[in-house]
Each structure stands twice: as C-alpha cells, then as structure tokens.
file data-v8.txt (compact mmCIF, C-alpha atoms and all ligand atoms)
# COMPACT_ATOMS: atom_id res chain seq x y z
CA MET A 146 0.00 0.00 0.00
CA THR A 147 1.37 3.39 -0.88
CA THR A 148 0.79 6.34 1.39
CA THR A 149 0.48 9.75 -0.15
CA LEU A 150 1.73 12.63 1.94
CA ALA A 151 -0.47 15.71 2.02
CA PRO A 152 1.23 18.54 0.11
CA PRO A 153 2.66 21.24 2.40
CA ALA A 154 0.17 24.01 3.15
CA LYS A 155 0.52 27.02 0.87
CA PRO A 156 2.14 30.05 2.49
CA TRP A 157 -0.22 32.86 3.45
CA THR A 158 0.08 35.92 1.27
CA ARG A 159 2.10 38.77 2.77
CA ALA A 160 -1.13 40.60 3.65
CA GLU A 161 -2.71 37.49 5.25
CA PHE A 162 0.44 36.79 7.25
CA GLU A 163 0.69 40.40 8.47
CA ASP A 164 -2.98 40.31 9.41
CA ARG A 165 -2.47 37.14 11.50
CA LEU A 166 0.49 38.67 13.31
CA ARG A 167 -1.41 41.88 14.04
CA THR A 168 -4.48 39.95 15.22
CA VAL A 169 -2.50 37.81 17.69
CA GLY A 170 -0.56 40.88 18.83
CA GLN A 171 -3.80 42.73 19.58
CA ASP A 172 -6.08 39.98 20.88
CA ARG A 173 -3.62 38.55 23.37
CA TYR A 174 -1.79 41.75 24.36
CA HIS A 175 -1.35 42.70 28.02
CA ASP A 176 -3.34 45.92 27.62
CA ARG A 177 -6.38 43.63 28.16
CA HIS A 178 -5.04 42.20 31.40
CA PRO A 179 -7.27 43.12 34.40
CA PHE A 180 -4.28 44.63 36.23
CA ASN A 181 -3.43 46.90 33.30
CA ILE A 182 -7.08 47.91 32.95
CA ARG A 183 -7.25 48.78 36.66
CA MET A 184 -3.96 50.69 36.40
CA HIS A 185 -5.22 52.78 33.49
CA GLN A 186 -8.57 53.40 35.22
CA GLY A 187 -6.76 54.84 38.22
CA GLY A 188 -7.68 51.94 40.51
CA LEU A 189 -4.21 51.20 41.90
CA GLY A 190 -2.96 52.36 45.28
CA PRO A 191 0.55 53.88 45.43
CA ASP A 192 2.12 50.63 46.63
CA GLU A 193 0.54 48.71 43.76
CA VAL A 194 1.93 51.22 41.26
CA ARG A 195 5.34 50.83 42.91
CA SER A 196 5.10 47.05 42.78
CA TRP A 197 4.34 47.23 39.04
CA ILE A 198 7.29 49.60 38.44
CA THR A 199 9.63 47.36 40.47
CA ASN A 200 8.62 44.20 38.68
CA ARG A 201 8.54 45.76 35.23
CA PHE A 202 12.06 47.02 35.87
CA HIS A 203 13.16 43.38 35.90
CA TYR A 204 11.70 43.05 32.38
CA GLN A 205 13.23 46.31 31.16
CA ARG A 206 16.75 45.53 32.33
CA HIS A 207 16.67 42.19 30.46
CA ILE A 208 15.55 43.67 27.12
CA PRO A 209 19.11 44.66 26.08
CA VAL A 210 20.35 41.24 27.22
CA LYS A 211 17.91 39.47 24.90
CA ASP A 212 18.75 41.97 22.13
CA ALA A 213 22.44 41.11 22.53
CA LEU A 214 21.54 37.43 22.12
CA ILE A 215 19.60 38.26 18.95
CA THR A 216 22.45 40.45 17.63
CA ALA A 217 24.82 37.48 17.87
CA LYS A 218 22.56 35.52 15.50
CA LEU A 219 22.34 38.16 12.78
CA ASP A 220 24.60 37.59 9.82
CA SER A 221 25.08 41.03 8.30
CA PRO A 222 26.67 44.26 9.57
CA ARG A 223 23.55 46.21 8.57
CA LEU A 224 21.25 44.00 10.62
CA ARG A 225 23.61 43.94 13.60
CA ARG A 226 23.78 47.75 13.54
CA THR A 227 19.98 47.86 13.77
CA TRP A 228 20.01 45.65 16.83
CA LEU A 229 22.94 47.43 18.44
CA ARG A 230 20.85 50.60 18.27
CA ARG A 231 18.16 48.85 20.32
CA ILE A 232 20.73 47.95 22.96
CA GLU A 233 21.90 51.55 23.00
CA ASP A 234 18.31 52.79 23.39
CA HIS A 235 18.12 50.90 26.68
CA ASP A 236 21.67 51.06 27.98
CA GLY A 237 22.52 54.54 26.65
CA ARG A 238 25.88 55.50 25.17
CA HIS A 239 27.10 56.95 28.45
CA GLU A 240 26.44 56.53 32.14
CA GLY A 241 23.17 58.22 33.13
CA GLU A 242 21.51 57.84 29.70
CA GLY A 243 19.09 55.38 28.10
CA GLY A 244 15.86 53.61 28.84
CA ILE A 245 17.01 51.70 31.91
CA GLU A 246 18.12 54.98 33.49
CA ARG A 247 14.76 56.56 32.56
CA TRP A 248 12.94 53.64 34.17
CA LEU A 249 15.00 54.10 37.35
CA ARG A 250 13.94 57.78 37.32
CA LEU A 251 10.32 56.68 36.95
CA GLY A 252 10.84 54.56 40.06
CA GLU A 253 12.37 57.48 41.95
CA ALA A 254 9.53 59.79 40.86
CA ALA A 255 7.15 57.20 42.37
CA GLY A 256 9.07 57.16 45.66
CA LEU A 257 11.19 54.06 45.11
CA ASP A 258 14.81 53.83 46.06
CA ARG A 259 17.16 53.29 43.09
CA ARG A 260 19.34 50.89 45.08
CA THR A 261 16.35 48.72 45.95
CA LEU A 262 15.32 48.61 42.29
CA LEU A 263 18.85 47.70 41.21
CA SER A 264 19.14 45.01 43.88
CA GLY A 265 16.17 43.16 42.36
CA GLU A 266 15.26 41.91 45.83
CA SER A 267 11.54 42.72 45.52
CA VAL A 268 11.03 40.97 42.17
CA LEU A 269 8.30 38.33 42.35
CA PRO A 270 9.09 34.68 41.49
CA GLY A 271 6.54 34.57 38.65
CA VAL A 272 8.07 37.70 37.10
CA ARG A 273 11.57 36.18 37.28
CA LEU A 274 10.32 33.08 35.49
CA ALA A 275 8.43 35.01 32.81
CA VAL A 276 11.46 37.20 32.02
CA GLU A 277 13.84 34.22 32.08
CA GLY A 278 11.44 32.49 29.68
CA TYR A 279 11.63 35.39 27.22
CA VAL A 280 15.43 35.71 27.40
CA ASN A 281 15.91 31.96 26.93
CA PHE A 282 13.45 31.90 24.06
CA CYS A 283 15.57 34.51 22.25
CA ARG A 284 18.76 32.65 23.23
CA LEU A 285 17.60 29.30 21.84
CA ARG A 286 15.33 30.04 18.88
CA PRO A 287 16.30 31.05 15.35
CA PRO A 288 16.34 34.77 14.44
CA LEU A 289 12.90 34.59 12.78
CA GLU A 290 11.21 33.52 16.00
CA ALA A 291 13.28 35.76 18.29
CA VAL A 292 12.49 38.82 16.14
CA ALA A 293 8.81 37.83 15.75
CA ALA A 294 8.54 37.70 19.55
CA SER A 295 9.39 41.42 19.68
CA LEU A 296 6.33 42.24 17.56
CA THR A 297 4.21 42.90 20.64
CA GLU A 298 5.72 46.32 20.04
CA LEU A 299 3.32 46.80 17.14
CA THR A 300 0.70 47.48 19.81
CA ALA A 301 2.96 49.02 22.48
CA PRO A 302 3.17 52.65 21.18
CA ASP A 303 -0.62 53.16 21.41
CA LEU A 304 -0.56 51.69 24.90
CA MET A 305 2.29 54.04 25.84
CA ARG A 306 0.22 57.09 24.82
CA LEU A 307 -2.74 55.87 26.87
CA ARG A 308 -0.45 55.17 29.81
CA ILE A 309 0.98 58.69 29.83
CA GLU A 310 -2.56 60.14 29.89
CA ALA A 311 -3.68 57.68 32.58
CA PHE A 312 -0.70 58.37 34.83
CA GLU A 313 -1.00 62.14 34.44
CA ARG A 314 -4.69 62.00 35.33
CA HIS A 315 -4.80 59.33 38.04
CA TYR A 316 -1.36 59.32 39.64
CA PRO A 317 -0.37 63.01 39.78
CA TRP A 318 1.84 62.27 42.80
CA ILE A 319 4.35 60.84 40.29
CA ALA A 320 6.42 63.82 39.03
CA ALA A 321 5.77 64.53 35.33
CA ASP A 322 9.38 63.96 34.19
CA GLY A 323 9.16 60.45 35.68
CA LEU A 324 7.03 59.61 32.63
CA ASP A 325 9.84 60.35 30.15
CA TYR A 326 10.45 56.64 29.72
CA PHE A 327 7.01 56.21 28.12
CA ARG A 328 7.32 59.38 26.03
CA THR A 329 10.58 58.16 24.50
CA ARG A 330 9.19 54.68 23.82
CA VAL A 331 6.34 55.90 21.59
CA ASP A 332 8.68 56.68 18.67
CA GLN A 333 11.27 54.01 19.49
CA GLY A 334 8.60 51.29 19.66
CA ARG A 335 7.06 52.42 16.38
CA ARG A 336 10.41 52.38 14.58
CA ASP A 337 11.50 49.03 16.12
CA SER A 338 8.26 47.27 15.33
CA THR A 339 8.18 48.57 11.73
CA GLU A 340 11.71 47.23 11.16
CA ALA A 341 11.01 43.91 12.87
CA LEU A 342 7.76 43.40 10.95
CA ASP A 343 9.55 43.95 7.65
CA LEU A 344 12.18 41.32 8.57
CA VAL A 345 9.62 38.74 9.71
CA LEU A 346 7.52 39.21 6.57
CA ARG A 347 10.61 38.70 4.39
CA TRP A 348 12.21 35.84 6.34
CA ALA A 349 9.17 33.60 6.71
CA ARG A 350 8.94 31.97 3.30
CA THR A 351 7.00 28.80 4.05
CA ARG A 352 3.72 28.28 5.85
CA GLU A 353 5.66 26.47 8.59
CA ASP A 354 7.91 29.52 9.09
CA GLN A 355 4.87 31.78 9.18
CA GLU A 356 3.16 29.60 11.78
CA ARG A 357 6.32 29.56 13.89
CA ALA A 358 6.45 33.36 13.79
CA VAL A 359 2.82 33.64 14.90
CA ALA A 360 3.49 31.11 17.70
CA ALA A 361 6.53 33.11 18.83
CA LEU A 362 4.43 36.27 19.08
CA SER A 363 1.76 34.37 20.96
CA PHE A 364 4.41 33.08 23.41
CA LYS A 365 5.60 36.65 23.98
CA CYS A 366 2.04 37.73 24.77
CA ASP A 367 2.02 34.94 27.39
CA VAL A 368 5.24 36.32 28.90
CA LEU A 369 3.73 39.79 29.35
CA TRP A 370 0.45 38.34 30.60
CA ALA A 371 2.20 36.07 33.14
CA LEU A 372 4.17 39.05 34.44
CA LEU A 373 0.96 40.94 35.20
CA ASP A 374 -0.67 37.81 36.66
CA ALA A 375 2.16 37.66 39.21
CA VAL A 376 1.89 41.37 40.06
CA GLN A 377 -1.88 41.12 40.37
CA GLN A 378 -1.76 38.06 42.59
CA HIS A 379 0.72 39.79 44.89
CA ALA A 380 -1.53 42.87 45.05
CA GLY A 381 -4.50 40.62 45.89
CA GLN A 382 -2.63 38.97 48.73
CA HIS A 383 -1.11 42.05 50.26
CA GLY A 384 -3.68 44.71 49.57
CA PRO A 385 -3.04 48.24 48.37
CA ARG A 386 -1.27 49.33 51.58
CA GLU A 387 1.55 46.81 51.31
CA ARG A 388 4.96 48.40 50.80
CA VAL A 389 7.07 46.97 48.01
O1 LIG B 401 5.03 48.97 28.72
C1 LIG B 401 4.70 48.17 27.85
O2 LIG B 401 3.55 47.79 27.71
C2 LIG B 401 5.76 47.62 26.99
C3 LIG B 401 5.52 46.51 26.23
C4 LIG B 401 6.55 45.98 25.46
C5 LIG B 401 6.21 44.82 24.66
O3 LIG B 401 5.11 44.83 24.09
O4 LIG B 401 6.96 43.87 24.59
C6 LIG B 401 7.82 46.56 25.51
C7 LIG B 401 7.95 47.73 26.27
N1 LIG B 401 6.94 48.23 27.01
C8 LIG B 401 9.17 48.42 26.33
O5 LIG B 401 9.26 49.45 27.00
C9 LIG B 401 10.30 47.94 25.63
O6 LIG B 401 11.35 48.54 25.66
C10 LIG B 401 10.17 46.76 24.89
C11 LIG B 401 11.11 46.03 24.16
C12 LIG B 401 10.43 44.92 23.72
C13 LIG B 401 10.95 43.78 22.97
O7 LIG B 401 10.34 42.72 23.04
O8 LIG B 401 12.01 43.92 22.32
N2 LIG B 401 9.15 44.99 24.13
C14 LIG B 401 8.97 46.09 24.84

call {"tool": "encode", "arguments": {"input": "data-v8.txt", "output": "structure tokens", "more": "lines below"}}
Ligand SMILES: O=C(O)c1cc(C(=O)O)c2c(n1)C(=O)C(=O)c1cc(C(=O)O)[nH]c1-2
result
Amino acid sequence: MTTTLAPPAKPWTRAEFEDRLRTVGQDRYHDRHPFNIRMHQGGLGPDEVRSWITNRFHYQRHIPVKDALITAKLDSPRLRRTWLRRIEDHDGRHEGEGGIERWLRLGEAAGLDRRTLLSGESVLPGVRLAVEGYVNFCRLRPPLEAVAASLTELTAPDLMRLRIEAFERHYPWIAADGLDYFRTRVDQGRRDSTEALDLVLRWARTREDQERAVAALSFKCDVLWALLDAVQQHAGQHGPRERV
C-alpha cells in the first residue's frame, strides 16, 4: 500500500500573514489584562503602582540582554547595527543615559529607592520566570522567532500614549518627568516594530515559518500576561497598603 503525503500548506500571502500577526498581537496583548485595565482606570494604590514599576524594571533591564543574544545571531553588519541601536536605546551610550536609566527615574519619581530597584530583591518569582522564559526563548530560537517575539511592540506605542494620559490623570503624585520613559518609547517602539515586521515578513517563506512566527508572538504575549498575573496576585494577597 502506498501512502500519499499531504502537500505542504501554501504560504499565506504577505497581507494574510501580516494580518495574522497583528491579530495575535492585539487579541492577546497585556493591555487587556485586568491589572493593566485597573492601572489605566486609576484603581491602583501607590504601593501597587510601585510594585508594578519594580517588577517591570526586571523586564526592562533584560531587554538589552535578549537583544544582545539576537544580535549574535544576525549575519550582516547592517542588521547587527539595527540591533545594536536597540541595545543603546536601553543602555545609553554613556552613564546616566538610556531607557534603563529613565525607568530608574520613573521609580524614583514614584518614591522608590534606586538601590532597591537595582538590587532586584523585591522581584516576584513569577516575574523572574516570565522574564527568564523570554530571554531563553531569544537565546535558543532562530532569528525569525526571536524577532517575531518582539512584535508585541506593534501594539505598544498606542498603549504608551494611553499610559501617559492615565498616569497624568490618576497618579499626579508621580512627578511629570518620571514619565519620560514612556514618552521616549512611543517613537522608538514604532520604529522598532516597523523594522522587525519587515524582517519577519521577508524571512518567513513557508507556511511552517509563518506559523512559527505567529506562535513566537503568541508566546511573547504569554510572557507579558504572566508578568501581570504575578503582580496582580501579589496585590490581591497584600492589599493596596503593602509596601514593596
Ligand atoms: O510597557 C509596555 O507595555 C511595553 C511593552 C513591550 C512589549 O510589548 O513587549 C515593551 C515595552 N513596554 C518596552 O518598553 C520595551 O522597551 C520593549 C522592548 C520589547 C521587545 O520585546 O524587544 N518589548 C517592549
């Protein structure tokens, strides 16, 4: 008896593939997480805002680490330059510059001590695991999947604009210049996601590649969701008066 193998599925068109990526990136994004909704509605107490800032700092400080892992996989000077710029955006060119520094200033504007943030001692176990999961994903997977995972940033700039408005309105006790991190990320996120989308659309040539890219983006949505799950669960256990 001869068995006939089903022919491989036809690749989606570029427009279909982009649509699938955008749909996953929107439907499963952490802007829909109950903790994010409560944060943007002004429902968090000061200690809950501080807990979010502290735990998100753990994510932020690992972004350039995962971008360094991706850079090492890229095979042309032009591509590596693009990714080096991302590392620079976070680490700065000089001491006292860059996104990590701006996040530390956000923490200080919210009443957190920089040394406590840098020590990482208040980071929740679930947040450590989620961030480790993202870094290891980018360490182990091929460039297509590692770059596709960053495409949550297609949705991030709109969220950043909403966050600035929400913080200005609901958390005025945080000094205005503490929000510079978010202001800077609007343009950076837009540029990064446009570049990454172009690469993913070009690199994924087969249906299997395309499905892997969509799965990578879905995994990244899980990372961000799990991070907020951990922060929310901690807030539920300790109540809004708990100090971070
Ligand atoms: O506050 C947010 O909601 C948010 C989300 C994301 C994201 O969607 O991954 C990033 C950021 N912020 C961010 O600030 C950032 O630098 C960043 C880098 C990346 C990435 O995966 O390369 N995502 C994000």

call {"tool": "closest_residue", "arguments": {"input": "data-v8.txt", "among": "A:Phe180, A:Arg250, A:Val359, A:Gln333", "to": "A:Glu233", "atoms": "only C-alpha atoms"}}
result
A:Gln333

call {"tool": "closest_residue", "arguments": {"input": "data-v8.txt", "among": "A:Phe202, A:Trp348, A:Tyr316, A:Trp157", "to": "ligand LIG 401 (chain B)", "atoms": "only C-alpha atoms and all ligand atoms"}}
result
A:Phe202

call {"tool": "axis_aligned_box", "arguments": {"input": "data-v8.txt", "around": "ligand LIG 401 (chain B)", "padding_each_side": "6 Å", "output": "AutoDock Vina command-line options"}}
result
--center_x 7.8 --center_y 46.1 --center_z 25.5 --size_x 20.5 --size_y 18.7 --size_z 18.4

call {"tool": "atom_distance", "arguments": {"input": "data-v8.txt", "atom1": "atom CA of A:Arg165", "atom2": "atom CA of A:Gly278"}}
result
23.4 Å

call {"tool": "atom_distance", "arguments": {"input": "data-v8.txt", "atom1": "atom CA of A:Pro156", "atom2": "atom CA of A:Thr351"}}
result
5.3 Å

call {"tool": "decode", "arguments": {"input": "data-v8.txt", "residues": "stretch 196-243 of chain A", "atoms": "N, CA and C atoms", "output": "short mmCIF file (atom, residue, chain, number, x, y, z; two decimals), in the first residue's frame"}}
result
data_model
loop_
_atom_site.label_atom_id
_atom_site.label_comp_id
_atom_site.auth_asym_id
_atom_site.auth_seq_id
_atom_site.Cartn_x
_atom_site.Cartn_y
_atom_site.Cartn_z
N SER A 196 4.82 48.47 43.02
CA SER A 196 5.10 47.05 42.78
C SER A 196 5.19 46.78 41.27
N TRP A 197 4.29 47.40 40.51
CA TRP A 197 4.34 47.23 39.04
C TRP A 197 5.66 47.78 38.49
N ILE A 198 6.04 48.98 38.94
CA ILE A 198 7.29 49.60 38.44
C ILE A 198 8.49 48.71 38.79
N THR A 199 8.51 48.21 40.01
CA THR A 199 9.63 47.36 40.47
C THR A 199 9.73 46.09 39.64
N ASN A 200 8.59 45.46 39.41
CA ASN A 200 8.62 44.20 38.68
C ASN A 200 8.85 44.40 37.19
N ARG A 201 8.29 45.48 36.64
CA ARG A 201 8.54 45.76 35.23
C ARG A 201 10.01 46.14 34.99
N PHE A 202 10.63 46.69 36.02
CA PHE A 202 12.06 47.02 35.87
C PHE A 202 12.87 45.76 35.56
N HIS A 203 12.45 44.65 36.16
CA HIS A 203 13.16 43.38 35.90
C HIS A 203 13.05 43.01 34.42
N TYR A 204 11.88 43.27 33.82
CA TYR A 204 11.70 43.05 32.38
C TYR A 204 12.58 44.01 31.59
N GLN A 205 12.49 45.29 31.92
CA GLN A 205 13.23 46.31 31.16
C GLN A 205 14.73 46.03 31.12
N ARG A 206 15.29 45.66 32.28
CA ARG A 206 16.75 45.53 32.33
C ARG A 206 17.22 44.29 31.56
N HIS A 207 16.29 43.37 31.25
CA HIS A 207 16.67 42.19 30.46
C HIS A 207 16.45 42.37 28.96
N ILE A 208 15.79 43.45 28.56
CA ILE A 208 15.55 43.67 27.12
C ILE A 208 16.89 43.79 26.36
N PRO A 209 17.84 44.61 26.83
CA PRO A 209 19.11 44.66 26.08
C PRO A 209 19.89 43.35 26.13
N VAL A 210 19.68 42.56 27.16
CA VAL A 210 20.35 41.24 27.22
C VAL A 210 19.80 40.34 26.11
N LYS A 211 18.48 40.33 25.96
CA LYS A 211 17.91 39.47 24.90
C LYS A 211 18.25 40.06 23.53
N ASP A 212 18.37 41.39 23.43
CA ASP A 212 18.75 41.97 22.13
C ASP A 212 20.20 41.66 21.78
N ALA A 213 21.05 41.52 22.80
CA ALA A 213 22.44 41.11 22.53
C ALA A 213 22.46 39.67 22.02
N LEU A 214 21.61 38.82 22.58
CA LEU A 214 21.54 37.43 22.12
C LEU A 214 21.05 37.36 20.67
N ILE A 215 20.09 38.23 20.34
CA ILE A 215 19.60 38.26 18.95
C ILE A 215 20.70 38.79 18.03
N THR A 216 21.39 39.85 18.46
CA THR A 216 22.45 40.45 17.63
C THR A 216 23.46 39.38 17.21
N ALA A 217 23.80 38.50 18.16
CA ALA A 217 24.82 37.48 17.87
C ALA A 217 24.36 36.50 16.79
N LYS A 218 23.06 36.46 16.51
CA LYS A 218 22.56 35.52 15.50
C LYS A 218 22.44 36.16 14.13
N LEU A 219 22.60 37.47 14.05
CA LEU A 219 22.34 38.16 12.78
C LEU A 219 23.60 38.12 11.92
N ASP A 220 23.41 37.90 10.62
CA ASP A 220 24.60 37.59 9.82
C ASP A 220 25.07 38.72 8.91
N SER A 221 24.54 39.95 9.11
CA SER A 221 25.08 41.03 8.30
C SER A 221 25.34 42.26 9.16
N PRO A 222 26.37 43.04 8.79
CA PRO A 222 26.67 44.26 9.57
C PRO A 222 25.46 45.18 9.66
N ARG A 223 24.69 45.29 8.56
CA ARG A 223 23.55 46.21 8.57
C ARG A 223 22.51 45.79 9.62
N LEU A 224 22.23 44.49 9.65
CA LEU A 224 21.25 44.00 10.62
C LEU A 224 21.77 44.15 12.06
N ARG A 225 23.06 43.82 12.24
CA ARG A 225 23.61 43.94 13.60
C ARG A 225 23.59 45.39 14.06
N ARG A 226 23.84 46.33 13.14
CA ARG A 226 23.78 47.75 13.54
C ARG A 226 22.38 48.10 14.03
N THR A 227 21.36 47.58 13.35
CA THR A 227 19.98 47.86 13.77
C THR A 227 19.76 47.38 15.21
N TRP A 228 20.27 46.19 15.48
CA TRP A 228 20.01 45.65 16.83
C TRP A 228 20.89 46.30 17.89
N LEU A 229 22.09 46.72 17.47
CA LEU A 229 22.94 47.43 18.44
C LEU A 229 22.27 48.73 18.87
N ARG A 230 21.55 49.36 17.92
CA ARG A 230 20.85 50.60 18.27
C ARG A 230 19.80 50.32 19.34
N ARG A 231 19.14 49.18 19.27
CA ARG A 231 18.16 48.85 20.32
C ARG A 231 18.83 48.73 21.69
N ILE A 232 20.02 48.10 21.69
CA ILE A 232 20.73 47.95 22.96
C ILE A 232 21.09 49.33 23.51
N GLU A 233 21.55 50.19 22.60
CA GLU A 233 21.90 51.55 23.00
C GLU A 233 20.69 52.32 23.54
N ASP A 234 19.53 52.10 22.91
CA ASP A 234 18.31 52.79 23.39
C ASP A 234 18.09 52.50 24.88
N HIS A 235 18.37 51.28 25.28
CA HIS A 235 18.12 50.90 26.68
C HIS A 235 19.30 51.20 27.59
N ASP A 236 20.50 50.89 27.11
CA ASP A 236 21.67 51.06 27.98
C ASP A 236 22.27 52.46 27.90
N GLY A 237 21.93 53.22 26.85
CA GLY A 237 22.52 54.54 26.65
C GLY A 237 23.94 54.39 26.11
N ARG A 238 24.48 55.53 25.63
CA ARG A 238 25.88 55.50 25.17
C ARG A 238 26.80 55.78 26.34
N HIS A 239 26.28 56.53 27.30
CA HIS A 239 27.10 56.95 28.45
C HIS A 239 26.32 56.70 29.72
N GLU A 240 27.05 56.67 30.83
CA GLU A 240 26.44 56.53 32.14
C GLU A 240 25.34 57.60 32.30
N GLY A 241 24.22 57.23 32.87
CA GLY A 241 23.17 58.22 33.13
C GLY A 241 22.25 58.46 31.95
N GLU A 242 22.40 57.68 30.87
CA GLU A 242 21.51 57.84 29.70
C GLU A 242 20.78 56.53 29.44
N GLY A 243 19.75 56.60 28.58
CA GLY A 243 19.09 55.38 28.10
C GLY A 243 17.84 55.00 28.86
#
